[in-house]
$ cat work20.txt   # compact mmCIF, C-alpha atoms
# COMPACT_ATOMS: atom_id res chain seq x y z
CA MET A 1 0.00 0.00 0.00
CA ALA A 2 1.27 3.46 -0.76
CA GLY A 3 2.98 5.11 2.17
CA ARG A 4 0.88 8.23 2.73
CA GLN A 5 1.06 9.26 6.35
CA ASP A 6 0.98 12.87 7.57
CA ARG A 7 0.92 13.97 3.91
CA VAL A 8 4.20 12.14 3.17
CA ILE A 9 4.28 10.66 -0.33
CA GLY A 10 6.62 7.81 -1.14
CA TYR A 11 7.03 4.06 -1.32
CA LEU A 12 9.24 1.98 0.96
CA PRO A 13 10.67 -1.32 -0.36
CA GLN A 14 7.76 -3.40 0.95
CA ASP A 15 5.10 -1.08 -0.54
CA ARG A 16 3.31 -1.96 -3.77
CA PRO A 17 1.83 0.85 -5.88
CA PRO A 18 -1.39 0.40 -7.90
CA LEU A 19 -0.98 -1.33 -11.29
CA GLY A 20 -0.87 1.85 -13.38
CA ALA A 21 1.74 3.43 -11.13
CA LEU A 22 3.65 0.15 -11.03
CA VAL A 23 4.04 0.10 -14.81
CA SER A 24 4.85 3.79 -15.26
CA LEU A 25 7.33 3.86 -12.39
CA GLY A 26 8.91 0.66 -13.70
CA PHE A 27 9.27 2.12 -17.18
CA GLN A 28 10.94 5.19 -15.67
CA HIS A 29 13.58 2.88 -14.15
CA VAL A 30 14.11 1.24 -17.55
CA LEU A 31 14.42 4.63 -19.24
CA THR A 32 17.02 5.64 -16.65
CA MET A 33 19.20 2.56 -17.13
CA PHE A 34 18.68 2.08 -20.87
CA PRO A 35 21.29 4.47 -22.37
CA ALA A 36 24.16 3.20 -20.23
CA THR A 37 23.23 -0.47 -20.46
CA ALA A 38 22.76 -0.36 -24.23
CA LEU A 39 26.05 1.53 -24.59
CA VAL A 40 27.92 -1.11 -22.57
CA ALA A 41 26.55 -3.78 -24.91
CA ILE A 42 27.57 -1.79 -27.98
CA LEU A 43 31.09 -1.04 -26.69
CA THR A 44 31.76 -4.65 -25.67
CA GLY A 45 30.15 -6.16 -28.78
CA PHE A 46 27.51 -8.13 -26.90
CA ASP A 47 23.95 -8.39 -28.20
CA VAL A 48 21.85 -5.44 -26.96
CA GLY A 49 18.72 -7.59 -26.64
CA VAL A 50 20.55 -10.15 -24.49
CA THR A 51 22.03 -7.38 -22.34
CA LEU A 52 18.61 -5.81 -21.73
CA PHE A 53 17.07 -9.21 -20.94
CA ALA A 54 19.94 -10.10 -18.59
CA SER A 55 19.64 -6.69 -16.91
CA GLY A 56 15.96 -7.27 -16.17
CA LEU A 57 16.41 -10.87 -15.06
CA ALA A 58 19.39 -9.99 -12.82
CA THR A 59 17.33 -7.26 -11.16
CA ILE A 60 14.43 -9.62 -10.50
CA VAL A 61 16.77 -12.33 -9.14
CA ALA A 62 18.41 -9.78 -6.81
CA VAL A 63 15.12 -8.30 -5.58
CA LEU A 64 13.55 -11.71 -4.96
CA GLY A 65 16.80 -12.99 -3.44
CA SER A 66 16.63 -10.23 -0.84
CA ARG A 67 12.91 -10.92 -0.28
CA GLY A 68 12.19 -7.39 -1.43
CA ARG A 69 14.43 -5.76 1.16
CA ILE A 70 17.13 -4.37 -1.17
CA PRO A 71 15.79 -2.09 -3.94
CA LEU A 72 18.57 -1.87 -6.53
CA TYR A 73 18.51 -2.02 -10.34
CA TYR A 74 21.21 -3.96 -12.24
CA GLY A 75 22.53 -2.70 -15.58
CA GLY A 76 25.70 -3.13 -17.63
CA SER A 77 28.92 -2.09 -15.87
CA PHE A 78 31.38 0.38 -17.42
CA ALA A 79 34.10 -0.83 -15.04
CA TYR A 80 34.48 -4.05 -17.04
CA ILE A 81 34.53 -2.58 -20.54
CA ALA A 82 38.33 -2.40 -20.87
CA PRO A 83 39.17 -5.96 -19.70
CA VAL A 84 36.18 -7.51 -21.52
CA THR A 85 37.03 -5.84 -24.84
CA ALA A 86 40.69 -6.83 -24.36
CA VAL A 87 39.72 -10.48 -23.88
CA VAL A 88 37.34 -10.39 -26.86
CA ALA A 89 40.07 -8.94 -29.08
CA ALA A 90 42.78 -11.36 -27.92
CA SER A 91 43.76 -14.23 -30.22
CA TRP A 92 42.79 -16.70 -27.49
CA GLY A 93 39.60 -14.85 -26.59
CA GLY A 94 36.18 -14.02 -27.97
CA HIS A 95 32.84 -13.20 -26.39
CA ARG A 96 32.18 -16.69 -25.05
CA VAL A 97 35.60 -16.72 -23.40
CA ALA A 98 34.98 -13.25 -21.91
CA GLN A 99 31.75 -14.61 -20.43
CA VAL A 100 33.84 -17.06 -18.39
CA GLY A 101 35.56 -14.07 -16.74
CA VAL A 102 32.20 -12.43 -16.09
CA VAL A 103 30.89 -15.57 -14.37
CA ALA A 104 34.11 -15.75 -12.32
CA THR A 105 33.52 -12.15 -11.21
CA GLY A 106 30.11 -13.23 -9.97
CA VAL A 107 31.60 -16.14 -8.04
CA LEU A 108 34.15 -13.77 -6.45
CA ASN A 109 31.37 -11.40 -5.33
CA VAL A 110 29.35 -14.29 -3.90
CA LEU A 111 32.39 -15.45 -1.89
CA ALA A 112 33.04 -11.91 -0.63
CA GLY A 113 29.42 -11.56 0.44
CA TRP A 114 29.46 -14.95 2.14
CA LEU A 115 32.60 -14.03 4.10
CA ILE A 116 31.02 -10.77 5.23
CA GLN A 117 27.90 -12.63 6.35
CA ARG A 118 30.09 -15.02 8.35
CA LEU A 119 32.47 -12.45 9.82
CA GLY A 120 29.93 -9.68 10.41
CA LYS A 121 29.28 -6.21 9.01
CA GLU A 122 31.34 -4.61 11.79
CA ARG A 123 34.56 -5.92 10.26
CA LEU A 124 33.56 -4.65 6.84
CA ASP A 125 32.92 -1.22 8.37
CA ARG A 126 36.52 -1.19 9.56
CA ILE A 127 37.79 -1.95 6.06
CA LEU A 128 35.17 0.12 4.20
CA PRO A 129 34.26 2.96 6.58
CA PRO A 130 31.86 5.73 5.44
CA SER A 131 34.84 7.93 4.59
CA VAL A 132 35.74 5.36 1.89
CA THR A 133 32.27 4.50 0.61
CA GLY A 134 31.11 8.12 0.67
CA ALA A 135 34.18 9.35 -1.22
CA VAL A 136 33.86 6.51 -3.76
CA ALA A 137 30.22 7.48 -4.34
CA ILE A 138 31.25 11.09 -4.95
CA VAL A 139 33.90 9.99 -7.42
CA ILE A 140 31.48 7.70 -9.27
CA GLY A 141 29.06 10.57 -9.81
CA ILE A 142 31.45 13.41 -10.52
CA ALA A 143 33.75 11.30 -12.72
CA LEU A 144 30.79 10.99 -15.10
CA ALA A 145 30.47 14.78 -15.42
CA LYS A 146 32.43 14.93 -18.69
CA THR A 147 30.32 12.10 -20.10
CA ALA A 148 27.12 13.94 -19.27
CA LEU A 149 28.38 17.21 -20.78
CA ASP A 150 29.63 15.45 -23.92
CA MET A 151 26.14 14.01 -24.39
CA ALA A 152 24.49 17.37 -23.73
CA SER A 153 26.87 19.25 -26.04
CA GLN A 154 25.27 17.70 -29.14
CA ASN A 155 22.42 20.17 -28.66
CA TRP A 156 22.85 22.45 -25.67
CA ALA A 157 19.49 24.19 -26.03
CA ILE A 158 17.26 21.10 -25.88
CA SER A 159 19.55 19.39 -23.39
CA LEU A 160 19.38 22.29 -20.94
CA VAL A 161 15.62 22.64 -21.41
CA THR A 162 15.29 18.91 -20.61
CA LEU A 163 17.50 19.37 -17.55
CA LEU A 164 15.55 22.39 -16.29
CA LEU A 165 12.14 20.77 -16.82
CA THR A 166 13.26 17.58 -15.07
CA ILE A 167 14.52 19.57 -12.08
CA LEU A 168 11.32 21.66 -11.93
CA PHE A 169 9.20 18.51 -12.12
CA SER A 170 11.24 16.91 -9.31
CA VAL A 171 10.88 19.97 -7.07
CA TYR A 172 7.38 21.29 -7.73
CA LEU A 173 5.54 18.03 -8.40
CA ARG A 174 6.97 16.36 -5.31
CA GLY A 175 4.22 15.15 -3.02
CA ARG A 176 1.60 15.40 -5.77
CA GLY A 177 0.87 11.70 -6.19
CA LEU A 178 2.10 9.63 -9.12
CA LEU A 179 3.15 12.62 -11.26
CA GLY A 180 5.51 13.68 -8.49
CA MET A 181 7.29 10.33 -8.83
CA LEU A 182 7.83 10.60 -12.58
CA PRO A 183 10.06 13.68 -13.03
CA VAL A 184 12.68 11.88 -15.12
CA LEU A 185 10.08 10.25 -17.36
CA LEU A 186 8.24 13.59 -17.77
CA GLY A 187 11.49 15.46 -18.46
CA ALA A 188 12.58 12.89 -21.01
CA ALA A 189 9.17 12.97 -22.71
CA CYS A 190 9.24 16.77 -22.97
CA GLY A 191 12.79 16.76 -24.35
CA TYR A 192 11.86 14.02 -26.82
CA VAL A 193 8.80 15.91 -28.08
CA ILE A 194 10.80 19.14 -28.50
CA ALA A 195 13.52 17.25 -30.40
CA ALA A 196 10.90 15.53 -32.60
CA VAL A 197 9.17 18.83 -33.43
CA ALA A 198 12.59 20.27 -34.32
CA GLY A 199 13.13 17.35 -36.72
CA LEU A 200 16.01 15.95 -34.66
CA VAL A 201 14.63 12.46 -34.01
CA ASP A 202 15.48 9.70 -36.48
CA PHE A 203 12.53 7.29 -36.62
CA SER A 204 14.09 5.04 -39.27
CA PRO A 205 15.30 2.44 -36.69
CA VAL A 206 11.68 1.99 -35.60
CA ARG A 207 10.46 1.55 -39.18
CA GLU A 208 13.25 -0.88 -40.02
CA ALA A 209 13.02 -2.98 -36.85
CA SER A 210 10.92 -6.11 -36.81
CA TRP A 211 8.24 -6.41 -34.16
CA PHE A 212 9.83 -9.42 -32.51
CA ALA A 213 13.40 -10.70 -32.42
CA VAL A 214 14.89 -13.44 -30.26
CA PRO A 215 18.06 -12.16 -28.55
CA ARG A 216 21.27 -14.02 -29.42
CA PHE A 217 21.75 -15.92 -26.16
CA GLN A 218 24.96 -17.90 -25.82
CA LEU A 219 26.66 -19.92 -23.07
CA PRO A 220 30.23 -19.21 -21.88
CA ASP A 221 32.97 -21.51 -23.16
CA PHE A 222 34.48 -22.87 -19.94
CA THR A 223 36.67 -25.35 -21.84
CA ALA A 224 38.34 -22.78 -24.11
CA PRO A 225 42.17 -22.61 -23.87
CA GLY A 226 41.96 -18.93 -22.82
CA ALA A 227 39.30 -19.40 -20.12
CA TRP A 228 41.69 -18.99 -17.18
CA GLN A 229 43.33 -15.99 -18.82
CA ALA A 230 39.90 -14.39 -19.09
CA VAL A 231 39.29 -15.03 -15.39
CA LEU A 232 42.60 -13.40 -14.44
CA ALA A 233 41.93 -10.42 -16.72
CA ILE A 234 38.31 -9.70 -15.74
CA ALA A 235 37.59 -10.98 -12.22
CA PRO A 236 40.00 -8.63 -10.33
CA ILE A 237 37.85 -5.64 -11.35
CA ALA A 238 35.57 -6.75 -8.50
CA ILE A 239 38.05 -4.92 -6.26
CA ALA A 240 36.49 -1.73 -7.61
CA THR A 241 32.87 -2.83 -7.88
CA ILE A 242 32.63 -4.19 -4.32
CA PRO A 243 33.21 -0.76 -2.70
CA GLU A 244 31.04 0.79 -5.43
CA SER A 245 28.18 -1.58 -4.62
CA THR A 246 28.69 -1.01 -0.90
CA ALA A 247 28.51 2.74 -1.46
CA HIS A 248 25.28 2.36 -3.44
CA LEU A 249 23.69 0.27 -0.70
CA TYR A 250 24.73 2.68 2.05
CA GLN A 251 23.45 5.62 0.01
CA ILE A 252 20.03 4.14 -0.59
CA SER A 253 19.80 3.00 3.03
CA VAL A 254 20.16 6.58 4.24
CA TYR A 255 17.29 7.79 2.06
CA ILE A 256 15.02 4.83 2.84
CA ASP A 257 15.39 5.31 6.58
CA ARG A 258 14.76 9.04 6.25
CA LEU A 259 11.50 8.37 4.40
CA ALA A 260 10.52 5.71 6.96
CA GLU A 261 11.13 8.23 9.74
CA GLU A 262 8.90 10.80 8.03
CA MET A 263 6.20 8.13 7.67
CA HIS A 264 6.56 7.21 11.36
CA ARG A 265 7.51 3.70 10.38
CA PRO A 266 10.49 1.73 11.76
CA PRO A 267 13.85 2.12 10.00
CA LEU A 268 14.76 -0.72 7.64
CA ARG A 269 18.57 -0.44 8.01
CA VAL A 270 19.14 -1.85 4.55
CA LYS A 271 22.87 -1.19 4.96
CA GLU A 272 23.03 -4.09 7.43
CA LEU A 273 22.45 -6.45 4.47
CA ILE A 274 25.78 -5.68 2.77
CA GLY A 275 26.87 -9.33 2.78
CA LEU A 276 23.62 -10.43 1.13
CA ASN A 277 23.91 -7.50 -1.29
CA LEU A 278 27.30 -8.69 -2.53
CA VAL A 279 26.00 -12.26 -2.90
CA LEU A 280 23.16 -10.90 -5.04
CA ASP A 281 25.65 -8.78 -7.01
CA GLY A 282 27.49 -11.98 -7.76
CA LEU A 283 24.33 -13.76 -8.85
CA ALA A 284 23.56 -10.83 -11.16
CA ASP A 285 27.01 -11.16 -12.77
CA ILE A 286 26.50 -14.89 -13.18
CA VAL A 287 23.15 -14.23 -14.92
CA HIS A 288 24.86 -11.80 -17.31
CA GLY A 289 27.76 -14.13 -18.01
CA MET A 290 25.67 -17.25 -18.53
CA LEU A 291 23.27 -15.58 -20.98
CA GLY A 292 25.81 -13.73 -23.12
CA ALA A 293 26.23 -10.21 -21.73
CA SER A 294 28.97 -8.15 -20.17
CA SER A 295 29.24 -7.88 -16.40
CA GLY A 296 26.55 -5.99 -14.52
CA THR A 297 26.35 -3.77 -11.47
CA ASN A 298 23.68 -2.03 -9.45
CA TYR A 299 23.10 1.41 -10.89
CA GLY A 300 23.78 4.71 -9.15
CA GLU A 301 21.58 6.42 -11.76
CA ASN A 302 18.59 4.40 -10.57
CA ASN A 303 19.55 5.11 -6.96
CA SER A 304 19.42 8.79 -7.87
CA LEU A 305 16.03 8.28 -9.47
CA MET A 306 14.73 6.65 -6.29
CA ALA A 307 16.13 9.42 -4.10
CA ILE A 308 14.55 12.08 -6.32
CA THR A 309 11.14 10.38 -6.51
CA ARG A 310 11.14 8.77 -3.00
CA ASN A 311 10.06 5.54 -4.65
CA TYR A 312 11.97 2.54 -3.24
CA SER A 313 9.33 -0.08 -3.99
CA ALA A 314 10.78 -3.53 -4.70
CA ALA A 315 7.64 -4.36 -6.69
CA VAL A 316 8.39 -1.46 -9.04
CA LEU A 317 11.88 -2.86 -9.63
CA VAL A 318 10.40 -6.27 -10.49
CA ALA A 319 8.10 -4.50 -12.95
CA ALA A 320 11.11 -2.68 -14.41
CA GLY A 321 12.92 -6.00 -14.77
CA LEU A 322 9.99 -7.52 -16.63
CA ILE A 323 9.79 -4.50 -18.95
CA ALA A 324 13.55 -4.74 -19.66
CA MET A 325 13.23 -8.46 -20.42
CA ALA A 326 10.34 -7.75 -22.77
CA LEU A 327 12.37 -5.04 -24.50
CA GLY A 328 14.94 -7.69 -25.31
CA PHE A 329 12.30 -9.45 -27.48
CA PHE A 330 10.21 -6.51 -28.71
CA ALA A 331 12.65 -5.06 -31.19
CA LYS A 332 10.23 -2.31 -32.24
CA LEU A 333 9.85 -0.99 -28.70
CA ALA A 334 13.57 -1.22 -28.02
CA ALA A 335 14.20 0.67 -31.26
CA LEU A 336 11.73 3.39 -30.19
CA VAL A 337 13.52 3.87 -26.87
CA SER A 338 16.85 3.97 -28.72
CA THR A 339 15.62 6.93 -30.82
CA ILE A 340 15.76 9.20 -27.78
CA PRO A 341 18.48 11.67 -28.82
CA VAL A 342 21.75 11.57 -26.92
CA PHE A 343 21.40 15.24 -25.97
CA VAL A 344 18.06 14.54 -24.27
CA THR A 345 19.59 11.79 -22.14
CA GLY A 346 22.53 14.16 -21.60
CA GLY A 347 20.21 16.63 -19.91
CA LEU A 348 18.93 13.85 -17.67
CA ALA A 349 22.48 12.64 -17.01
CA ILE A 350 23.65 16.03 -15.71
CA PHE A 351 21.00 15.75 -13.01
CA LEU A 352 21.26 12.02 -12.28
CA PHE A 353 25.06 11.80 -12.22
CA GLY A 354 25.25 14.88 -10.01
CA VAL A 355 22.79 13.34 -7.56
CA ILE A 356 25.05 10.26 -7.29
CA GLY A 357 27.86 12.53 -6.08
CA MET A 358 25.57 14.42 -3.71
CA GLN A 359 24.39 11.13 -2.23
CA GLY A 360 28.00 10.38 -1.31
CA ILE A 361 28.11 13.64 0.63
CA ALA A 362 24.75 12.83 2.25
CA LEU A 363 26.12 9.42 3.27
CA MET A 364 29.11 10.94 5.04
CA MET A 365 26.87 13.51 6.74
CA GLU A 366 24.43 10.84 7.90
CA GLU A 367 27.25 8.68 9.26
CA ARG A 368 28.82 11.75 10.90
CA VAL A 369 32.21 11.30 9.31
CA ASP A 370 34.56 13.70 11.11
CA LEU A 371 36.40 15.51 8.33
CA PHE A 372 38.44 17.36 10.96
CA ASP A 373 40.02 14.00 11.84
CA PRO A 374 43.25 13.81 9.79
CA ARG A 375 42.64 10.09 9.10
CA GLN A 376 39.24 10.61 7.51
CA LEU A 377 40.40 13.73 5.72
CA ALA A 378 43.37 11.89 4.22
CA ILE A 379 41.31 8.90 3.09
CA GLY A 380 38.72 11.07 1.35
CA ALA A 381 41.34 13.33 -0.21
CA VAL A 382 43.32 10.45 -1.72
CA ILE A 383 40.23 8.77 -3.17
CA LEU A 384 38.93 12.01 -4.67
CA ILE A 385 42.17 13.07 -6.33
CA ILE A 386 43.13 9.65 -7.70
CA GLY A 387 39.58 8.77 -8.72
CA LEU A 388 38.71 12.12 -10.29
CA GLY A 389 42.18 13.12 -11.52
CA GLY A 390 42.69 9.72 -13.11
CA THR A 391 39.72 10.24 -15.39
CA ALA A 392 41.72 12.96 -17.19
CA PHE A 393 43.99 10.27 -18.65
CA GLU A 394 43.01 8.53 -21.86
CA GLY A 395 40.25 6.02 -21.27
CA GLY A 396 40.11 6.96 -17.59
CA ASN A 397 43.13 4.73 -16.91
CA ILE A 398 46.19 5.90 -14.96
CA PRO A 399 49.54 4.87 -16.53
CA ILE A 400 51.68 3.41 -13.74
CA ALA A 401 54.79 1.25 -14.24
CA GLY A 402 53.71 0.21 -17.72
CA MET A 403 50.19 -0.67 -16.58
CA GLU A 404 46.87 1.06 -17.23
CA LEU A 405 44.97 1.18 -13.95
CA PRO A 406 41.26 2.20 -13.96
CA ALA A 407 40.98 5.49 -12.06
CA ILE A 408 37.94 4.80 -9.88
CA ALA A 409 39.14 1.32 -8.94
CA THR A 410 42.62 2.64 -8.14
CA GLY A 411 41.20 5.45 -6.01
CA ALA A 412 38.99 3.01 -4.09
CA VAL A 413 41.86 0.58 -3.49
CA ALA A 414 44.16 3.44 -2.40
CA GLY A 415 41.58 4.59 0.15
CA ILE A 416 41.06 1.06 1.46
CA LEU A 417 44.82 0.47 1.78
CA LEU A 418 45.37 3.81 3.53
CA ASN A 419 42.61 2.96 6.01
CA LEU A 420 44.29 -0.43 6.65
CA VAL A 421 47.60 1.38 7.31
CA PHE A 422 45.88 3.49 9.97
CA LEU A 423 44.37 0.36 11.52
CA ALA A 424 47.77 -1.34 11.59
CA PHE A 425 49.44 1.68 13.24
CA ASP A 426 46.67 1.96 15.82
CA ARG A 427 46.97 -1.73 16.66
CA TRP A 428 50.77 -1.49 16.82
CA GLN A 429 50.60 1.54 19.11
CA GLY A 430 47.89 -0.09 21.17
CA THR A 431 45.78 3.06 21.07
CA GLY A 432 42.61 1.43 19.75
CA GLU A 433 41.88 4.64 17.88
CA GLY A 434 40.60 5.06 14.34
CA MET A 435 38.18 2.65 12.81
CA GLU A 436 38.86 -0.06 15.44
CA ALA A 437 37.00 2.15 17.87
CA ALA A 438 34.11 2.81 15.51
CA PRO A 439 30.66 1.72 16.66
CA ALA A 440 29.04 -1.15 14.81
CA ASP A 441 26.89 1.18 12.72
CA GLY A 442 29.97 2.87 11.28
CA ARG A 443 29.24 6.29 12.86
CA GLN A 444 32.19 8.48 13.79
CA ASP A 445 30.80 10.00 17.00
$ encode --input "work20.txt" --output "structure tokens"
Amino acid sequence: MAGRQDRVIGYLPQDRPPLGALVSLGFQHVLTMFPATALVAILTGFDVGVTLFASGLATIVAVLGSRGRIPLYYGGSFAYIAPVTAVVAASWGGHRVAQVGVVATGVLNVLAGWLIQRLGKERLDRILPPSVTGAVAIVIGIALAKTALDMASQNWAISLVTLLLTILFSVYLRGRGLLGMLPVLLGAACGYVIAAVAGLVDFSPVREASWFAVPRFQLPDFTAPGAWQAVLAIAPIAIATIPESTAHLYQISVYIDRLAEEMHRPPLRVKELIGLNLVLDGLADIVHGMLGASSGTNYGENNSLMAITRNYSAAVLVAAGLIAMALGFFAKLAALVSTIPVFVTGGLAIFLFGVIGMQGIALMMEERVDLFDPRQLAIGAVILIIGLGGTAFEGGNIPIAGMELPAIATGAVAGILLNLVFLAFDRWQGTGEGMEAAPADGRQD
């Protein structure tokens, strides 16, 4: 049932909107993830239909696997583009060999989640304190700023109009029922109509597409000579996606509990499910790899959408998953969505990517990270400079000792290692300070 108490509009994970709202809110999620997920498929050479289907199925598996407690959407991951394309291009590789590495990534995430469930979230908080996860979230959002502006630059006028309308819808329609939960969909529709009237929408893909097309599903080739090489090339990227996924979960947990508080309902503390979340991340990767798609991840863009609309309904995410799966087969509908001009999605991206970064700040504020503490200040500073500065290099990879290290992953690892150094010094000195003294909820009181 919709969560309207004391004039508060929103949906918590266990809430189920009416059918009409369920479909429209689900389609808004699909619209939000579609550009990035389709682009990942195009850049890695995987079938777009398979990638969309896998995205929807992975989301449904994750939502049902958490019994509706963790509302996250799973799309194609940009973090894996470089190693996947490298494996595909290698003489011993190919897409089916790359899929072996994707499945291995999933297994690695499942093992990490299982260990966290066995050892307890408190130990994870020592390794991944809010100063790390918050800073990583900021980097993830702000590092995409150039991408958003590149998209918008193809037509600044319509892009900025789309951006402004989306923001106005999100602010002034908030609390006004279903319309208040559809600002991104409304903004995209307005931008699309303006672009179409201006003659800037190419409808030929819709005319040329067949109504139905079976996606090109394919199994990974576990017996290929290069299978282990693919595992070694692709699976280690989980070092970056684990803190990224943790940051996403912590972000969304903050906003869910704030809405629950406003509704006078008990907090859900979704962040306590980080071990389960990583297991589900792994299952999502395995779904992608087994069907014939590049690795997936839960999407910060959809987190931003939920924070903007205050819609965290797990049922809506299941609806979004079903719509994405259907898009994989309905070539005409997928083609129609693909006709949305890049500059329209660029206007949306400026807002959505920026909100990802702001959620990182909100996370650190909620967890009361003391940025006057030199430890926390140093950790955040290192992650921000390496993660953001590294994106200035070609392909977003930092050249170090003949290697090309992905900027965001390197920044996250640097922050984690620096935090471990502080823990080691505190233990050696016997002070018990730093993260060892942190309460179980990760707050820096």
$ residues_around --input "work20.txt" --residues "segment 93-107 of chain A" --least-positions-apart "2" --cutoff "10 Å" --atoms "only C-alpha atoms" --output "VMD selection string"
chain A and resid 44 to 46 80 83 to 91 109 to 113 218 to 239 241 278 to 296
$ closest_residue --input "work20.txt" --among "A:Leu276, A:Val197, A:Ile127, A:Leu336" --to "Gly65 of chain A" --atoms "only C-alpha atoms"
A:Leu276
$ residues_near_point --input "work20.txt" --point "(29.5, 0.0, 4.9)" --cutoff "8 Å" --atoms "all atoms listed in the file" --output "ChimeraX atom specification"
/A:121,124-125,128-130,133,246-247,250,271,274,442
$ write_last_selection --input "work20.txt" --atoms "C-alpha atoms" --output "PDB file, keeping the file's coordinate frame"
ATOM      1  CA  LYS A 121      29.280  -6.210   9.010  1.00  0.00           C
ATOM      2  CA  LEU A 124      33.560  -4.650   6.840  1.00  0.00           C
ATOM      3  CA  ASP A 125      32.920  -1.220   8.370  1.00  0.00           C
ATOM      4  CA  LEU A 128      35.170   0.120   4.200  1.00  0.00           C
ATOM      5  CA  PRO A 129      34.260   2.960   6.580  1.00  0.00           C
ATOM      6  CA  PRO A 130      31.860   5.730   5.440  1.00  0.00           C
ATOM      7  CA  THR A 133      32.270   4.500   0.610  1.00  0.00           C
ATOM      8  CA  THR A 246      28.690  -1.010  -0.900  1.00  0.00           C
ATOM      9  CA  ALA A 247      28.510   2.740  -1.460  1.00  0.00           C
ATOM     10  CA  TYR A 250      24.730   2.680   2.050  1.00  0.00           C
ATOM     11  CA  LYS A 271      22.870  -1.190   4.960  1.00  0.00           C
ATOM     12  CA  ILE A 274      25.780  -5.680   2.770  1.00  0.00           C
ATOM     13  CA  GLY A 442      29.970   2.870  11.280  1.00  0.00           C
TER      14      GLY A 442
END
$ atom_distance --input "work20.txt" --atom1 "atom CA of Arg67 of chain A" --atom2 "atom CA of Leu249 of chain A"
15.5 Å
$ residues_around --input "work20.txt" --residues "Gly300 of chain A" --least-positions-apart "5" --cutoff "12 Å" --atoms "all atoms listed in the file" --output "JSON, numbers by chain"
{"A": [29, 32, 33, 36, 71, 72, 73, 74, 75, 76, 77, 136, 137, 138, 139, 140, 141, 142, 144, 241, 244, 245, 246, 247, 248, 249, 250, 251, 252, 305, 306, 307, 349, 352, 353, 354, 355, 356, 357, 358, 359, 360]}
$ closest_residue --input "work20.txt" --among "A:Cys190, A:Pro18, A:Gly346, A:Ser131" --to "Asp373 of chain A" --atoms "only C-alpha atoms"
A:Ser131
$ closest_residue --input "work20.txt" --among "A:Phe422, A:His264, A:Tyr192, A:Leu322" --to "Leu52 of chain A" --atoms "all atoms listed in the file"
A:Leu322
$ closest_residue --input "work20.txt" --among "A:Trp114, A:Tyr299, A:Phe34, A:Phe330" --to "Val206 of chain A" --atoms "only C-alpha atoms"
A:Phe330
$ atom_distance --input "work20.txt" --atom1 "atom CA of Gln14 of chain A" --atom2 "atom CA of Glu261 of chain A"
15.0 Å
$ atom_distance --input "work20.txt" --atom1 "atom CA of Val184 of chain A" --atom2 "atom CA of Ile158 of chain A"
14.9 Å
$ residues_around --input "work20.txt" --residues "Met325 of chain A" --least-positions-apart "3" --cutoff "7 Å" --atoms "only C-alpha atoms" --output "VMD selection string"
chain A and resid 52 to 53 56 to 57 321 to 322 328
$ closest_residue --input "work20.txt" --among "A:Ala157, A:Val63, A:Lys332, A:Arg258" --to "Ala213 of chain A" --atoms "all atoms listed in the file"
A:Lys332
$ residues_near_point --input "work20.txt" --point "(41.9, 0.4, 8.2)" --cutoff "9 Å" --atoms "only C-alpha atoms" --output "list in words"
Arg126, Ile127, Leu128, Pro129, Ile416, Leu417, Leu418, Asn419, Leu420, Val421, Phe422, Leu423, Ala424, Gly434, Met435 and Glu436 of chain A
$ write_last_selection --input "work20.txt" --atoms "C-alpha atoms" --output "tab-separated table (two decimals), in the coordinates of the input"
chain	number	residue	atom	x	y	z
A	126	ARG	CA	36.52	-1.19	9.56
A	127	ILE	CA	37.79	-1.95	6.06
A	128	LEU	CA	35.17	0.12	4.20
A	129	PRO	CA	34.26	2.96	6.58
A	416	ILE	CA	41.06	1.06	1.46
A	417	LEU	CA	44.82	0.47	1.78
A	418	LEU	CA	45.37	3.81	3.53
A	419	ASN	CA	42.61	2.96	6.01
A	420	LEU	CA	44.29	-0.43	6.65
A	421	VAL	CA	47.60	1.38	7.31
A	422	PHE	CA	45.88	3.49	9.97
A	423	LEU	CA	44.37	0.36	11.52
A	424	ALA	CA	47.77	-1.34	11.59
A	434	GLY	CA	40.60	5.06	14.34
A	435	MET	CA	38.18	2.65	12.81
A	436	GLU	CA	38.86	-0.06	15.44
$ closest_residue --input "work20.txt" --among "A:Val193, A:Ala315, A:Ala209, A:Ala378" --to "Ala334 of chain A" --atoms "all atoms listed in the file"
A:Ala209
$ residues_around --input "work20.txt" --residues "segment 148-156 of chain A" --least-positions-apart "3" --cutoff "6 Å" --atoms "all atoms listed in the file" --output "PyMOL selection string"
chain A and resi 145+159-160+342-343+346-347+349-350
